[in-house]
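**Student:** Below is the structure I would like to discuss, written out as structure tokens.
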Amino acid sequence: MSGSAAHFTSRWGLMLAMLGMAVGTGNIWRFPRIAASNGGGSFLVAWVAFLFLWSIPLILVEFALGKRMRQGAVGTFTAFMGEKFAWMGGWAAWIAAAIGFYYAVVMGWTIRYLLAAISGQLGDGDSARLWEDFAFTPAVLPFHLIAVVLAVAVVATGIRGIERVARVLMPCMLVLIVILAVRAVTLPGAERGLAFLFTPQWSDLANHRIWLEALTQNAWDTGAGWGLVLAYAIYTRPKEDTSLNAFLLAFGNNSISLIAGIMVLCTVFSQMPNAATEIVGAGNEGLTFVWIPQLFNTMPGGNVFMVLFFLALVFAAWTSLVSMFELTTRVLVELGIPRGRAVVVLGVLVYGAGFPSALYEPVFRSQDYIWSVGLMISGLFFALAAIKFGVSRFRSELINTEDQDMHVGVWWEWVIRFVVVEAIVLVVWMIWNSRATPLWSREGLGTMFAMWGVAFIVLFLANGWIAKRVTEYRRQHIDPASPHGEPAAVDVGP
């Protein structure tokens, strides 16, 4: 297949696919809860600040690296930083895969609740009973399988298939979220939710926890530092505007989070103002799968809007899971496994490795916590890659190239250095918060360091072999004569 066939067909297709990657259940179920639990409007101030202090700088790094190197996370770190750094790319790929193990379970939940909403099984009180009877039982496994199969079916078709699916799912999801938000703001008493979300209490900003939660949410919101942006940037057209696309992705993603926040909080404050604190204080699953159905049951035509909500949630989970599969599949391909076989192997692995999280709540929560902290380390590695190369040189040679219409100022050079500090502070804070938990509990330091240690040891030991394989792939499939690293005969699917 020629290099040109491996490109997204247009900026529209690229941005829809990247928004599908970035917009997931974290935007729809996590953002409203985190915003509400941290002061609403006060949280928004810190959240917007970290859009510029974390998300956009790292998206620029990933986008520029993917466009220039035309390889996945492992191949990029190997070629860009040197063979001894292949393990850093391996860490980013492993984190995405590990999150995918339990994220596929979450997508299975959304599918089950969509079917329940369609069949009218979520009447008053039924959502809580369904959750108790369904979650973390063998009944999850068929829906977990459906989620994996849907992701495999898309990724197996290559980047063109991913683009085609994104062109359908993303506009549909956006329309659904907007419809739900419009309905929410027209409910009696919805203004209380708007006031809570958009009125900052400036004194709250002295609370360090709000800033740290805002930083964490940005990492989850945009996908910055995961390697997911890099995985899609590989397939950009040679003259795509790196800076413009990075800003469009960041602002587009956070706008959707904000709309989701309006949708949820206006509904909460309108329908159950006395229970608002209890609702927003619930966990992700409690808010989404227990309270949201009960809220919709209190409004006229609520079942229709409930169906739309869970349909949007399925689409969000699906497109995000696809991006995790694509990132990992690309790594397997560059290690020498044909794409078709790599996708199937990954699907079987994700389904099998997801069993513990599907069946045991402590395992699910442990995996969510451990690899969420590990995600911050991935962001740190991408920032270090730019710093090792030289931030001024990186900005001039990889971001502000001659064919770009939008250029990034010197501010980026200072902020990308600050990202290193942010990542270290965030990891230390999360570790500090675990100090009071039993050492080998699900969120204990012993459990986290043991799992991190196994991953690091395996990657260190395999570093030489990994570097050799991805370097050989680059020699065979990336045309060194092309200034843009055009893929040549790359196995990207039909």
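Here, A, B, ... name the chains of the structure tokens in the order displayed, residue numbers run from 1 inside each chain, and ligands are numbered from 1 in the same displayed order.
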Going by DSSP on the backbone, which residues of range 198-264 of chain A come out as helix (DSSP H, G or I)? List them as an MDAnalysis selection string.

**Tutor:** chainID A and resid 198 202:206 208:222 228:233 242:264

**Student:** Find the residues near Thr199 in chain A: any atom within 12 Å, counting only C-alpha atoms, skip ones fewer than 6 places away on the same chain, and give them as a PyMOL selection string.

**Tutor:** chain A and resi 35-36+39-45+191-193

**Student:** Go ahead and write the selection's residues with N, CA, C and O atoms as a compact mmCIF listing (two decimals), in the first residue's frame.

**Tutor:**
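Below is the file selection-v4.txt, written as the result:
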# COMPACT_ATOMS: atom_id res chain seq x y z
N ALA A 35 -15.84 18.14 38.75
CA ALA A 35 -16.12 19.58 38.82
C ALA A 35 -17.01 19.90 40.01
O ALA A 35 -16.76 20.84 40.76
N ALA A 36 -18.06 19.10 40.19
CA ALA A 36 -19.00 19.35 41.28
C ALA A 36 -18.37 19.10 42.64
O ALA A 36 -18.66 19.80 43.61
N GLY A 39 -15.91 22.31 43.83
CA GLY A 39 -16.32 23.71 43.86
C GLY A 39 -16.94 24.27 42.61
O GLY A 39 -17.22 25.47 42.54
N GLY A 40 -17.16 23.46 41.58
CA GLY A 40 -17.84 23.95 40.39
C GLY A 40 -17.02 25.00 39.66
O GLY A 40 -16.02 24.71 39.00
N GLY A 41 -17.43 26.25 39.77
CA GLY A 41 -16.77 27.34 39.06
C GLY A 41 -15.31 27.51 39.44
O GLY A 41 -14.47 27.85 38.59
N SER A 42 -14.97 27.25 40.68
CA SER A 42 -13.57 27.34 41.12
C SER A 42 -12.72 26.31 40.39
O SER A 42 -11.60 26.58 39.96
N PHE A 43 -13.27 25.12 40.27
CA PHE A 43 -12.56 24.06 39.56
C PHE A 43 -12.34 24.44 38.10
O PHE A 43 -11.28 24.16 37.53
N LEU A 44 -13.35 25.07 37.48
CA LEU A 44 -13.22 25.43 36.07
C LEU A 44 -12.04 26.35 35.82
O LEU A 44 -11.36 26.24 34.79
N VAL A 45 -11.77 27.26 36.74
CA VAL A 45 -10.63 28.18 36.58
C VAL A 45 -9.33 27.39 36.48
O VAL A 45 -8.51 27.59 35.57
N GLU A 191 -31.11 26.84 36.41
CA GLU A 191 -30.18 27.96 36.62
C GLU A 191 -29.31 27.73 37.85
O GLU A 191 -28.20 28.28 37.94
N ARG A 192 -29.79 26.93 38.80
CA ARG A 192 -28.97 26.64 39.98
C ARG A 192 -27.72 25.84 39.58
O ARG A 192 -26.63 26.04 40.12
N GLY A 193 -27.91 24.92 38.66
CA GLY A 193 -26.78 24.14 38.18
C GLY A 193 -25.79 25.00 37.41
O GLY A 193 -24.57 24.86 37.56

**Student:** With range 249-273 of chain A as the partner and 7 Å as the cut-off, tabulate the residues of range 16-106 of chain A that qualify, each row holding the nearest pair of atoms and their distance in Å to one decimal, using only C-alpha atoms, sorted by chain and rising number, as CSV.

**Tutor:**
residue,atom,partner,partner_atom,distance
A:Met18,CA,A:Leu249,CA,7.0
A:Leu19,CA,A:Asn253,CA,6.3
A:Ala22,CA,A:Asn253,CA,6.5
A:Val23,CA,A:Asn253,CA,6.0
A:Asn27,CA,A:Ser257,CA,4.8
A:Ile28,CA,A:Ala260,CA,5.3
A:Phe31,CA,A:Ser257,CA,6.4
A:Pro32,CA,A:Gly261,CA,4.5
A:Ser55,CA,A:Ala250,CA,6.9
A:Ile56,CA,A:Ala250,CA,6.3

**Student:** Kindly indicate which residue among A:Arg129, A:Ser243, A:Leu145, A:Gln294 lies nearest to Val348 in chain A, using only C-alpha atoms for the distances.

**Tutor:**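 For Val348 in chain A, the nearest of the given residues is A:Leu145.
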
**Student:** Within 9 Å of Ala386 in chain A, counting only C-alpha atoms, which residues show up once you throw out same-chain ones fewer than 5 positions away? Write them as a list in words, please.

**Tutor:**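 In the requested form, the answer reads Val61, Phe381, Val391, Arg393, Phe394, Arg395, Ile416 and Arg417 of chain A.
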
**Student:** Extract, using only C-alpha atoms, all DNA, RNA and protein residues at most 7 Å from range 62-78 of chain A, discarding same-chain residues fewer than 4 positions from it, and format them as a PyMOL selection string.

**Tutor:** chain A and resi 58+82-83+85-86+88-90+92-93+227+229-231+233-234+236+242+327+330-331+398-399+467+470-471+484-485+487
